[in-house]
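Chemist: First, the structure itself, so that you have it in front of you.
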Amino acid sequence: MEIKKVGVVGCGSMGAGIAQLCAQSGFPVVVSEINDEFLKKGLGFIDKTLARSVEKGKLTQQDKDAIMGRIKGTTSTKDFADCDLVIEAAIESLDLKKKIFAELDGICPKGAILATNTSCLSIIDMAIATRRADKVVGLHFFNPAPIMKLLEIVKTIATSEDTMAISQKFGEKLGKTTVVAKDAPGFIVNRLWIPFLLHSIRLYEEGVASREDIDNAIQLGLNYPMGPLTLSDMDGIDVVKFVSDALYEQLKDPRYITPTLVDKMVAAGWLGRKTGKGFYDYSK
Ligand SMILES: NC(=O)c1ccc[n+]([C@@H]2O[C@H](COP(=O)([O-])OP(=O)(O)OC[C@H]3O[C@@H](n4cnc5c(N)ncnc54)[C@H](O)[C@@H]3O)[C@@H](O)[C@H]2O)c1
């Protein structure tokens, strides 16, 4: 089976990026949202991102129009009826994702692959909400999806080799380097990254070094694009808490326990860049 048409559920940060990436790679895309307002916002975000590329001379106006022309927005799941692959990128809630998978199973062609972009939920739990667990896979993109080079392909105990091969080929068509992981908490990247991130926060919490020195040490000493505290502010302190809580819940490994400081920052509404304050102050 060849992927000819792609569906994306959710047009938030990740869904919009994934829809843009697929359309840029030549696929016709249907992207859904819960209402017209959210859909307009998501499509507007894609349009603005592409317009910036035109301004910078990275894309011609003609290319931009062609990419936007390949993206169809919808608020009806029925529009996924002719998609060969649907990538779910709705909010990180297992109950919601199970509902979406059951619905997609009833609407999509029998042979279609159903994928999730979940960061830390169990994919087999979504797969068993369908009658095609062999065709359910994790396609874990990184933010921003059109730019980040990695795609984690996640295999559950029920995912078939055929589904894995098609997913691999699809990832290559998107220009990504693919890695394969089992349906285990955090897959590869978050499993390794989260303890490191939490440890950096604990170092700051204990007063071992200033936030600037921790960030500079990692950025300049390890050649990372930015320090862990700056990155936490960018991702959102609430997101850091959500992911570490979810991983601790599944792994019961103390390395994943959310630092007290993170709990307190979330309680105070210091969620990072989006609220103007996190480890750093963005109010100015
Ligand atoms: N943000 C990241 O850095 C990142 C990275 C990798 C994976 N993820 C995962 O990607 C998924 C989406 O994350 P996000 O950051 O884009 O969240 P987001 O909140 O920005 O976007 C989610 C969107 O899904 C929409 N939605 C909810 N229910 C829907 C439904 N039934 N049908 C259609 N749309 C629906 C919401 O209205 C919202 O706009 C989550 O599972 C998250 O864990 C996020």
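The chains in the structure tokens are called A, B, ... from first to last as shown; in each chain the residues are counted from 1, and the ligands are counted from 1 in the order shown.
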Could you pull out all residues of range 64-275 of chain A with a DSSP call of strand (DSSP E or B) and give them as an NGL selection string?

Modeler: :A and (71-74 or 85-88 or 113-116 or 136-140 or 150-155 or 177-182 or 272)

Chemist: Kindly export the residues of the current selection with C-alpha atoms, as a tab-separated table (two decimals), in the first residue's frame.

Modeler:
chain	number	residue	atom	x	y	z
A	71	ILE	CA	-4.31	21.46	2.54
A	72	LYS	CA	-8.03	21.13	3.16
A	73	GLY	CA	-9.37	22.09	6.56
A	74	THR	CA	-12.45	20.45	8.05
A	85	LEU	CA	-2.92	7.47	6.66
A	86	VAL	CA	-4.38	9.58	9.47
A	87	ILE	CA	-2.06	11.12	12.06
A	88	GLU	CA	-3.77	12.02	15.32
A	113	ILE	CA	-2.92	3.26	8.77
A	114	LEU	CA	-3.91	5.14	11.93
A	115	ALA	CA	-1.03	6.90	13.68
A	116	THR	CA	-0.66	8.93	16.86
A	136	VAL	CA	-1.89	1.39	14.43
A	137	VAL	CA	1.54	2.96	14.91
A	138	GLY	CA	3.22	5.86	16.68
A	139	LEU	CA	4.59	8.62	14.44
A	140	HIS	CA	6.25	10.94	16.95
A	150	LEU	CA	13.83	13.21	13.53
A	151	LEU	CA	10.76	10.98	13.37
A	152	GLU	CA	10.34	8.27	16.04
A	153	ILE	CA	8.32	5.36	14.68
A	154	VAL	CA	6.74	3.45	17.54
A	155	LYS	CA	5.81	-0.22	17.25
A	177	THR	CA	15.64	10.41	9.68
A	178	THR	CA	13.58	7.68	11.31
A	179	VAL	CA	14.31	5.69	14.45
A	180	VAL	CA	12.26	2.76	15.70
A	181	ALA	CA	11.19	2.31	19.32
A	182	LYS	CA	8.93	-0.03	21.24
A	272	GLY	CA	7.45	29.96	30.70

Chemist: Step by step, measure atom-to-atom distances between ligand 1 and each residue using only C-alpha atoms and all ligand atoms, keep those at most 7 Å, then write them as a PyMOL selection string.

Modeler: chain A and resi 9-15+32-34+38+89-92+96+100+117-120+140-143+235

Chemist: Export, as a compact mmCIF listing (two decimals), in the first residue's frame, the selected residues with C-alpha atoms.

Modeler:
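out.txt, freshly written:
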# COMPACT_ATOMS: atom_id res chain seq x y z
CA VAL A 9 -6.48 15.27 13.52
CA GLY A 10 -5.92 18.56 15.36
CA CYS A 11 -4.44 21.77 13.94
CA GLY A 12 -2.62 22.99 17.07
CA SER A 13 1.17 23.40 17.37
CA MET A 14 1.95 19.89 16.18
CA GLY A 15 -1.01 19.20 13.86
CA SER A 32 -9.44 18.65 11.26
CA GLU A 33 -10.28 20.82 14.26
CA ILE A 34 -13.05 20.90 16.83
CA PHE A 38 -9.60 26.74 15.91
CA ALA A 89 -2.30 15.18 16.94
CA ALA A 90 -5.08 16.15 19.36
CA ILE A 91 -4.39 17.05 22.99
CA GLU A 92 -2.55 14.54 25.20
CA LEU A 96 -9.94 11.49 23.92
CA ILE A 100 -10.79 9.51 18.08
CA ASN A 117 1.78 11.72 17.65
CA THR A 118 1.48 11.08 21.39
CA SER A 119 4.53 12.00 23.48
CA CYS A 120 4.03 9.68 26.41
CA HIS A 140 6.25 10.94 16.95
CA PHE A 141 7.30 14.23 15.35
CA PHE A 142 9.26 16.98 17.10
CA ASN A 143 8.39 20.64 17.34
CA ASP A 235 8.13 24.12 25.84

Chemist: Compile the contact shell of Val243 in chain A as a VMD selection string: residues with an atom at most 9 Å away, counting only C-alpha atoms, same-chain residues fewer than 5 positions apart removed.

Modeler: chain A and resid 119 to 120 186 190 194 238 248

Chemist: Considering only C-alpha atoms, state which residue in the set A:Ala158, A:Met148, A:Lys40, A:Pro28 is at the smallest distance from Arg132 in chain A.

Modeler: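 Among the listed residues, A:Ala158 lies closest to Arg132 in chain A.
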
Chemist: Find the spatial neighbours of Gly227 in chain A, counting only C-alpha atoms, within a cut-off of 9 Å - ignore same-chain residues fewer than 4 positions away - and output them as a PyMOL selection string.

Modeler: chain A and resi 212+214-220+231-232

Chemist: Which residue, A:Leu222, A:Leu174, A:Leu261, A:Leu94, has the smallest gap to Tyr204 in chain A when you use only C-alpha atoms?

Modeler: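 Nearest to Tyr204 in chain A: A:Leu261.
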
Chemist: Just checking: using only C-alpha atoms, which residue out of A:Tyr224, A:Ala133, A:Thr75, A:Trp270 ends up closest to Phe101 in chain A?

Modeler: A:Ala133

Chemist: In Å to one decimal, how far is CA of Leu229 in chain A from CA of Phe279 in chain A?

Modeler: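 Result for CA of Phe279 in chain A versus CA of Leu229 in chain A: 6.4 Å, one decimal.
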
Chemist: From the set A:Lys58, A:Arg202, A:Lys78, A:Arg131, which residue has the shortest atom-to-atom contact distance to Cys108 in chain A, counting only C-alpha atoms?

Modeler: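 Distance minimum relative to Cys108 in chain A lands on A:Lys78.
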
Chemist: Would you give me, as a PyMOL selection string, the residues in range 48-182 of chain A that DSSP reads as helix (DSSP H, G or I)?

Modeler: chain A and resi 48-55+61-69+77-80+94-107+123-127+133-135+161-173

Chemist: Do you know which residues are at most 9 Å from Gln24 in chain A counting only C-alpha atoms, after dropping those on the same chain fewer than 2 positions away, and could you put them as a VMD selection string?

Modeler: chain A and resid 19 to 22 26 to 27 63 to 64 66 to 68 70 146 174
